[in-house]
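Asks: My structure is stored as coords_20.cif, with mmCIF, C-alpha atoms.
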```cif
data_query
loop_
_atom_site.label_atom_id
_atom_site.label_comp_id
_atom_site.auth_asym_id
_atom_site.auth_seq_id
_atom_site.Cartn_x
_atom_site.Cartn_y
_atom_site.Cartn_z
CA MET I 25 -15.15 188.51 80.56
CA ARG I 26 -17.59 189.32 77.74
CA ALA I 27 -19.06 192.82 77.79
CA LEU I 28 -21.00 195.16 75.51
CA ALA I 29 -18.61 198.08 75.07
CA LEU I 30 -18.01 201.13 72.94
CA GLY I 31 -14.78 201.27 71.00
CA ALA I 32 -15.34 205.03 70.61
CA ALA I 33 -18.17 207.51 70.93
CA GLY I 34 -20.07 208.28 67.75
CA GLY I 35 -23.01 205.92 67.47
CA ILE I 36 -24.45 202.48 68.05
CA GLU I 37 -22.20 201.14 65.30
CA GLN I 38 -19.28 201.63 67.71
CA LEU I 39 -20.74 199.00 70.06
CA ALA I 40 -19.58 195.39 70.08
CA VAL I 41 -19.30 192.44 72.45
CA ARG I 42 -15.67 192.52 73.56
CA ASP I 43 -13.41 190.44 75.81
CA LEU I 44 -12.33 192.66 78.72
CA PRO I 45 -10.61 192.10 82.08
CA GLU I 46 -12.86 191.09 84.97
CA PRO I 47 -13.31 193.81 87.62
CA ALA I 48 -12.15 192.93 91.14
CA VAL I 49 -13.31 193.91 94.63
CA GLN I 50 -10.97 196.71 95.71
CA ARG I 51 -12.64 198.60 98.59
CA PRO I 52 -13.84 197.10 101.88
CA ASP I 53 -17.49 197.90 101.04
CA ASP I 54 -17.39 196.61 97.44
CA VAL I 55 -19.47 193.71 96.16
CA ARG I 56 -19.05 191.90 92.86
CA LEU I 57 -21.97 190.50 90.88
CA ARG I 58 -22.01 187.71 88.37
CA VAL I 59 -24.54 189.41 86.12
CA ARG I 60 -27.48 187.32 84.98
CA ALA I 61 -29.38 190.04 83.09
CA ALA I 62 -28.89 193.71 82.20
CA ALA I 63 -31.36 196.22 80.74
CA PHE I 64 -31.20 199.16 78.37
CA ASN I 65 -32.41 202.70 78.99
CA HIS I 66 -32.57 205.56 76.48
CA LEU I 67 -29.48 206.87 78.26
CA ASP I 68 -27.50 204.10 76.56
CA VAL I 69 -28.37 205.53 73.15
CA TRP I 70 -27.07 208.95 74.21
CA VAL I 71 -23.90 207.46 75.67
CA ALA I 72 -23.25 205.66 72.39
CA LEU I 73 -23.71 208.92 70.48
CA GLY I 74 -21.50 210.85 72.91
CA LEU I 75 -22.65 213.16 75.71
CA PRO I 76 -21.33 216.74 75.97
CA GLY I 77 -18.91 217.07 78.86
CA VAL I 78 -18.63 213.31 79.49
CA GLU I 79 -15.19 211.90 78.74
CA LEU I 80 -15.22 208.13 78.21
CA ARG I 81 -12.26 205.82 78.58
CA THR I 82 -12.68 203.26 75.86
CA PRO I 83 -13.50 200.48 75.60
CA HIS I 84 -16.45 201.69 77.69
CA ILE I 85 -19.03 199.22 78.99
CA ILE I 86 -22.56 200.60 78.66
CA GLY I 87 -25.67 199.79 80.70
CA SER I 88 -26.98 201.11 84.01
CA ASP I 89 -29.38 198.35 85.09
CA ALA I 90 -28.57 194.77 86.05
CA ALA I 91 -29.36 191.91 88.38
CA GLY I 92 -27.23 188.96 89.34
CA VAL I 93 -25.66 186.83 92.06
CA ILE I 94 -23.03 188.19 94.43
CA ASP I 95 -19.82 186.18 94.07
CA ALA I 96 -17.31 188.26 96.07
CA VAL I 97 -17.47 190.87 98.85
CA GLY I 98 -15.10 193.27 100.62
CA SER I 99 -14.08 192.88 104.25
CA ALA I 100 -16.58 195.47 105.54
CA VAL I 101 -19.66 194.09 103.77
CA ARG I 102 -22.30 192.89 106.23
CA ARG I 103 -25.74 193.30 104.62
CA VAL I 104 -25.34 190.86 101.74
CA ALA I 105 -23.26 187.75 101.10
CA PRO I 106 -22.05 185.57 98.22
CA GLY I 107 -24.96 183.72 96.67
CA ASP I 108 -27.51 186.48 97.26
CA ARG I 109 -29.74 187.47 94.33
CA VAL I 110 -29.50 191.26 93.98
CA MET I 111 -30.33 194.14 91.65
CA ILE I 112 -28.37 197.37 91.25
CA ASN I 113 -29.19 200.99 92.03
CA PRO I 114 -27.01 202.63 89.34
CA GLY I 115 -26.45 206.00 91.06
CA ILE I 116 -23.01 206.28 92.68
CA SER I 117 -22.29 209.14 95.12
CA CYS I 118 -19.40 210.13 97.38
CA ARG I 119 -21.37 209.30 100.58
CA GLU I 120 -19.44 212.01 102.47
CA CYS I 121 -20.83 215.41 101.38
CA ASP I 122 -23.80 217.19 102.99
CA PRO I 123 -26.38 216.01 100.40
CA CYS I 124 -25.21 212.41 100.83
CA LEU I 125 -25.21 212.62 104.63
CA ASN I 126 -28.67 214.20 104.48
CA GLY I 127 -29.98 211.35 102.33
CA ASP I 128 -30.28 213.22 99.02
CA GLU I 129 -27.51 211.60 97.00
CA PRO I 130 -28.61 212.85 93.54
CA LEU I 131 -27.52 216.35 94.66
CA CYS I 132 -23.96 215.13 95.35
CA ARG I 133 -21.48 217.03 93.19
CA GLN I 134 -19.72 213.72 92.47
CA PHE I 135 -22.91 211.85 91.56
CA ARG I 136 -22.27 209.42 88.70
CA LEU I 137 -24.22 206.79 86.81
CA LEU I 138 -23.06 203.32 85.90
CA GLY I 139 -22.76 203.11 82.14
CA GLU I 140 -22.56 206.89 81.70
CA HIS I 141 -19.67 208.22 83.79
CA VAL I 142 -18.14 204.89 84.86
CA PRO I 143 -18.13 201.38 83.33
CA GLY I 144 -21.61 199.89 83.20
CA THR I 145 -23.55 196.71 83.72
CA ALA I 146 -23.78 195.00 80.31
CA ALA I 147 -21.01 192.60 81.25
CA GLU I 148 -20.49 189.25 82.93
CA TYR I 149 -19.21 190.94 86.11
CA VAL I 150 -19.72 194.33 87.75
CA VAL I 151 -18.40 195.79 91.04
CA VAL I 152 -20.43 198.36 93.04
CA PRO I 153 -20.61 199.55 96.66
CA GLU I 154 -22.74 197.42 98.99
CA THR I 155 -25.14 200.36 99.43
CA ASN I 156 -26.00 200.12 95.73
CA VAL I 157 -27.55 196.67 95.78
CA ALA I 158 -30.87 195.33 97.04
CA ARG I 159 -32.15 191.79 97.24
CA VAL I 160 -34.41 190.75 94.38
CA PRO I 161 -38.03 190.48 95.62
CA GLU I 162 -39.45 187.00 95.99
CA GLY I 163 -40.88 185.74 92.71
CA MET I 164 -39.37 188.47 90.52
CA SER I 165 -37.60 187.06 87.46
CA TRP I 166 -34.05 188.01 86.51
CA GLU I 167 -35.41 189.92 83.52
CA ARG I 168 -37.76 192.10 85.57
CA ALA I 169 -35.17 192.59 88.32
CA ALA I 170 -32.66 193.81 85.74
CA ALA I 171 -35.24 196.21 84.26
CA PHE I 172 -36.47 197.59 87.58
CA SER I 173 -34.12 200.12 89.10
CA LEU I 174 -33.31 203.14 86.92
CA ALA I 175 -36.74 203.76 85.40
CA THR I 176 -38.71 203.03 88.56
CA LEU I 177 -36.46 205.10 90.80
CA THR I 178 -36.46 208.01 88.34
CA ALA I 179 -40.25 207.99 88.04
CA TRP I 180 -40.71 207.66 91.81
CA ARG I 181 -38.61 210.72 92.59
CA MET I 182 -40.29 212.70 89.80
CA LEU I 183 -43.84 212.07 90.98
CA THR I 184 -43.51 211.74 94.77
CA THR I 185 -40.55 213.88 95.84
CA ARG I 186 -40.40 216.55 93.16
CA ALA I 187 -43.98 216.96 91.85
CA ALA I 188 -45.69 215.71 95.05
CA LEU I 189 -48.54 214.08 93.11
CA ARG I 190 -51.58 213.48 95.29
CA ALA I 191 -54.60 211.20 95.14
CA GLY I 192 -57.38 212.67 92.99
CA GLU I 193 -55.03 214.84 90.91
CA THR I 194 -54.60 214.50 87.15
CA VAL I 195 -51.23 213.64 85.61
CA LEU I 196 -50.29 213.71 81.92
CA ILE I 197 -47.50 211.29 80.92
CA TRP I 198 -45.88 211.67 77.49
CA GLY I 199 -44.57 208.70 75.48
CA ILE I 200 -46.00 205.64 77.24
CA GLY I 201 -43.78 203.21 75.32
CA GLY I 202 -40.75 203.93 77.52
CA GLY I 203 -39.74 202.50 80.88
CA VAL I 204 -39.90 205.74 82.88
CA ALA I 205 -43.34 206.61 81.48
CA GLN I 206 -44.67 203.14 82.30
CA ALA I 207 -43.25 203.32 85.82
CA ALA I 208 -44.83 206.76 86.20
CA LEU I 209 -48.19 205.32 85.16
CA GLN I 210 -47.94 202.56 87.75
CA ILE I 211 -46.91 205.04 90.47
CA ALA I 212 -49.71 207.45 89.56
CA LYS I 213 -52.31 204.71 89.86
CA LEU I 214 -50.77 203.49 93.14
CA ILE I 215 -51.11 207.03 94.51
CA GLY I 216 -54.69 207.29 93.29
CA ALA I 217 -54.28 209.89 90.54
CA TYR I 218 -56.14 210.13 87.23
CA ALA I 219 -53.57 209.20 84.55
CA ILE I 220 -53.61 210.44 80.96
CA VAL I 221 -50.95 208.99 78.65
CA THR I 222 -49.83 209.73 75.10
CA SER I 223 -48.22 207.80 72.27
CA GLY I 224 -48.06 208.09 68.51
CA THR I 225 -48.82 204.36 68.20
CA PRO I 226 -52.39 203.11 68.76
CA ALA I 227 -51.18 199.67 69.83
CA LYS I 228 -49.13 201.23 72.62
CA LEU I 229 -52.15 203.24 73.78
CA ALA I 230 -54.18 200.04 73.94
CA ARG I 231 -51.47 198.39 76.04
CA ALA I 232 -51.39 201.42 78.31
CA ARG I 233 -55.11 201.12 78.97
CA GLU I 234 -54.50 197.51 79.99
CA LEU I 235 -51.91 198.80 82.48
CA GLY I 236 -54.47 201.13 84.03
CA ALA I 237 -54.33 204.38 82.09
CA ASP I 238 -57.57 206.33 82.55
CA ALA I 239 -57.28 208.10 79.19
CA ALA I 240 -55.01 207.74 76.17
CA ILE I 241 -54.21 210.34 73.52
CA ASP I 242 -52.65 209.70 70.11
CA HIS I 243 -50.22 212.63 69.97
CA ALA I 244 -49.57 211.98 66.27
CA ALA I 245 -53.22 212.41 65.31
CA GLU I 246 -54.88 214.42 68.08
CA ASP I 247 -54.52 217.86 69.65
CA VAL I 248 -53.06 216.92 73.04
CA VAL I 249 -53.78 220.31 74.61
CA ALA I 250 -57.45 220.26 73.55
CA ALA I 251 -57.85 216.63 74.63
CA VAL I 252 -56.41 217.25 78.10
CA ARG I 253 -58.58 220.34 78.54
CA GLU I 254 -61.66 218.34 77.58
CA LEU I 255 -60.78 215.49 79.94
CA THR I 256 -60.26 217.91 82.85
CA GLY I 257 -63.30 220.11 82.36
CA GLY I 258 -61.18 222.92 80.94
CA LEU I 259 -58.86 223.13 83.95
CA GLY I 260 -55.78 221.26 82.74
CA ALA I 261 -53.51 218.70 84.36
CA ASP I 262 -52.10 219.13 87.86
CA VAL I 263 -48.83 217.44 86.88
CA VAL I 264 -47.15 216.79 83.53
CA VAL I 265 -44.34 214.23 83.16
CA ASP I 266 -42.29 215.31 80.14
CA SER I 267 -38.95 213.74 79.27
CA VAL I 268 -39.29 214.56 75.56
CA GLY I 269 -38.20 218.19 75.88
CA GLN I 270 -37.89 220.40 72.85
CA ALA I 271 -40.74 218.89 70.82
CA THR I 272 -43.33 218.88 73.61
CA LEU I 273 -42.53 221.48 76.26
CA ASP I 274 -44.80 224.22 74.91
CA LYS I 275 -47.71 221.79 74.64
CA SER I 276 -46.94 220.49 78.13
CA LEU I 277 -47.19 223.98 79.57
CA ARG I 278 -50.45 224.64 77.74
CA THR I 279 -51.95 221.49 79.25
CA LEU I 280 -51.10 222.60 82.82
CA ARG I 281 -53.73 224.07 85.07
CA ARG I 282 -52.94 227.22 87.05
CA GLY I 283 -50.54 226.29 89.83
CA GLY I 284 -49.62 223.06 88.03
CA ARG I 285 -46.25 221.32 88.10
CA LEU I 286 -44.16 220.12 85.16
CA VAL I 287 -41.43 217.61 85.99
CA THR I 288 -38.76 216.40 83.58
CA CYS I 289 -35.91 213.89 83.65
CA GLY I 290 -34.68 214.17 80.07
CA ALA I 291 -34.84 215.74 76.64
CA THR I 292 -34.97 212.98 74.04
CA SER I 293 -36.08 215.36 71.26
CA GLY I 294 -33.52 218.06 72.06
CA PRO I 295 -32.43 220.25 74.99
CA SER I 296 -33.21 223.81 73.84
CA VAL I 297 -36.62 225.39 74.50
CA SER I 298 -38.09 228.89 74.72
CA LEU I 299 -40.33 230.09 77.52
CA ASP I 300 -42.54 233.11 77.99
CA ILE I 301 -41.73 234.07 81.57
CA ARG I 302 -44.97 236.08 81.79
CA ARG I 303 -47.01 232.90 81.36
CA LEU I 304 -44.88 231.14 83.98
CA LEU I 305 -45.42 233.79 86.63
CA TRP I 306 -49.07 234.52 85.80
CA HIS I 307 -50.13 230.88 85.93
CA GLN I 308 -47.79 230.18 88.87
CA TRP I 309 -46.42 226.99 87.34
CA SER I 310 -43.60 225.01 88.89
CA LEU I 311 -40.94 223.65 86.51
CA LEU I 312 -39.05 220.81 88.17
CA GLY I 313 -35.96 218.90 87.11
CA SER I 314 -35.31 215.43 88.48
CA THR I 315 -32.44 212.96 88.32
CA MET I 316 -32.51 209.37 89.58
CA GLY I 317 -33.30 209.03 93.32
CA SER I 318 -31.87 208.71 96.81
CA SER I 319 -31.05 205.57 98.78
CA ARG I 320 -34.15 206.18 100.88
CA GLU I 321 -36.31 206.42 97.74
CA TYR I 322 -34.70 203.26 96.38
CA ARG I 323 -35.49 201.35 99.57
CA GLU I 324 -39.11 202.45 99.26
CA ILE I 325 -39.56 201.24 95.68
CA VAL I 326 -37.86 197.94 96.55
CA ARG I 327 -40.29 197.59 99.48
CA LEU I 328 -43.23 198.21 97.14
CA ALA I 329 -41.83 195.73 94.62
CA GLY I 330 -41.72 193.18 97.43
CA ARG I 331 -45.48 193.68 97.75
CA GLY I 332 -45.99 193.06 94.05
CA HIS I 333 -46.16 196.70 92.92
CA LEU I 334 -44.18 198.58 90.25
CA TRP I 335 -42.85 195.53 88.40
CA PRO I 336 -41.58 196.67 85.00
CA VAL I 337 -42.99 195.68 81.62
CA VAL I 338 -40.44 193.77 79.54
CA ASP I 339 -40.62 194.25 75.77
CA ARG I 340 -38.24 191.41 74.94
CA VAL I 341 -35.20 189.52 76.16
CA VAL I 342 -32.18 189.07 73.89
CA PRO I 343 -28.82 187.31 74.30
CA LEU I 344 -25.70 189.41 74.73
CA ASP I 345 -24.80 188.81 71.10
CA GLY I 346 -28.13 190.35 70.04
CA ALA I 347 -27.84 193.43 72.24
CA VAL I 348 -26.72 195.89 69.54
CA GLU I 349 -29.84 195.24 67.45
CA ALA I 350 -31.99 195.57 70.58
CA LEU I 351 -30.50 199.00 71.23
CA ARG I 352 -31.34 199.99 67.66
CA ARG I 353 -34.95 198.99 68.41
CA LEU I 354 -34.91 201.28 71.45
CA ALA I 355 -33.37 204.15 69.48
CA ALA I 356 -36.17 203.82 66.90
CA GLY I 357 -38.85 203.87 69.62
CA GLU I 358 -40.28 200.52 68.53
CA GLN I 359 -40.40 198.96 72.00
CA PHE I 360 -43.15 198.85 74.61
CA GLY I 361 -41.37 198.37 77.90
CA LYS I 362 -37.83 197.42 78.74
CA LEU I 363 -35.29 195.69 76.50
CA VAL I 364 -33.36 193.14 78.53
CA ILE I 365 -30.06 191.40 77.80
CA GLU I 366 -29.59 187.86 79.04
CA VAL I 367 -25.91 187.99 79.98
CA ALA I 368 -25.70 184.52 81.54
CA PRO I 369 -28.35 181.84 80.84
#
```
In structure tokens, what does this structure look like?
Replies:
Amino acid sequence: MRALALGAAGGIEQLAVRDLPEPAVQRPDDVRLRVRAAAFNHLDVWVALGLPGVELRTPHIIGSDAAGVIDAVGSAVRRVAPGDRVMINPGISCRECDPCLNGDEPLCRQFRLLGEHVPGTAAEYVVVPETNVARVPEGMSWERAAAFSLATLTAWRMLTTRAALRAGETVLIWGIGGGVAQAALQIAKLIGAYAIVTSGTPAKLARARELGADAAIDHAAEDVVAAVRELTGGLGADVVVDSVGQATLDKSLRTLRRGGRLVTCGATSGPSVSLDIRRLLWHQWSLLGSTMGSSREYREIVRLAGRGHLWPVVDRVVPLDGAVEALRRLAAGEQFGKLVIEVAP
């Protein structure tokens, strides 16, 4: 089969479309997809560069998101069948430990992501457990189905489970060009929150307003802290969604109101930050980490997608042979929305 795979860690230049063996159904609960479309996340850039502590067996297929048609199933599969249109939840857990049995799979010590710890989705075929697929909602295109899962699930857990955002609260979302930020905006508006977004690109801020953002701040030209304070009557935001990390954390904290919550799922600008513990305790902030989501949370976002909510924005669709250049576009931050690979026309 044809797949987008790394020959070695060290950068996007190590990626190429390669001919690799097709994966086969091995366990009774396995399903195999004939992939129609896959989608990039910023994680794929980091995987290409090489992640500390993650040992890759090369050639390594990248990609965490995909949608396709089931073409083979194991003997114990009952919920789906060959011919079904499905999309993938990319988080794989052991399904036997206490967190898994209690329905909180991201806390599983063996939790892994397709495309990061195990071979990914940017290939003509992929095999996953039956529990990791959901039927594509009626009317959703292959491109949007492929782009849906990782970003939407990550944003859902961040805002609903971890930060417990409520109607009427104010949320600040950094970097509205990315998939997680856009999903967070949609979720915030669905909840009934007041959503402030940032970008360094005016065109992206204009697009964000079209998506429902209540306020938009140019973080390249404006003082984000002062702008948020002005928009909130001097109080600050109830929740800040920050996956930028090193470059923005101090500003994020200074935008928080007393008792506010900061939630993060990444550190695209770097992982190391400093923190004045006295400010943390005095203002009674909550600093929350978040990774992916549980099966229960995934079922909920799929249910909402079936009602026409939370459909992702697609920046562009490229053929498999154009995927490397598309990933360079993502690495440069030029996109607005998800970059999708058409694996099979």
Asks: What's around Arg181 in chain I at 7 Å? Count all atoms listed in the file, leave out sequence neighbours fewer than 5 positions away in its own chain, and write the answer as a PyMOL selection string.
Replies: chain I and resi 186+316-317
Asks: Residues near Pro143 in chain I, anyone? I mean within 9 Å using all atoms listed in the file, not counting same-chain ones fewer than 6 positions away, as an MDAnalysis selection string.
Replies: chainID I and resid 29 80:81 84:88 137 150
Asks: To one decimal place, how far is CA of Gln50 in chain I from CA of Asp95 in chain I in Å?
Replies: 13.9 Å
Asks: So which residues get picked by the PyMOL selection byres ((chain I and resi 74) around 6) here, written as a list in words?
Replies: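 Evaluating the PyMOL selection byres ((chain I and resi 74) around 6) on these coordinates yields Ala33, Gly34, Val71, Ala72, Leu73 and Leu75 of chain I.
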Asks: Residues near Glu46 in chain I, anyone? I mean within 9 Å using all atoms listed in the file, not counting same-chain ones fewer than 4 positions away, as a ChimeraX atom specification.
Replies: /I:25-26,148-150
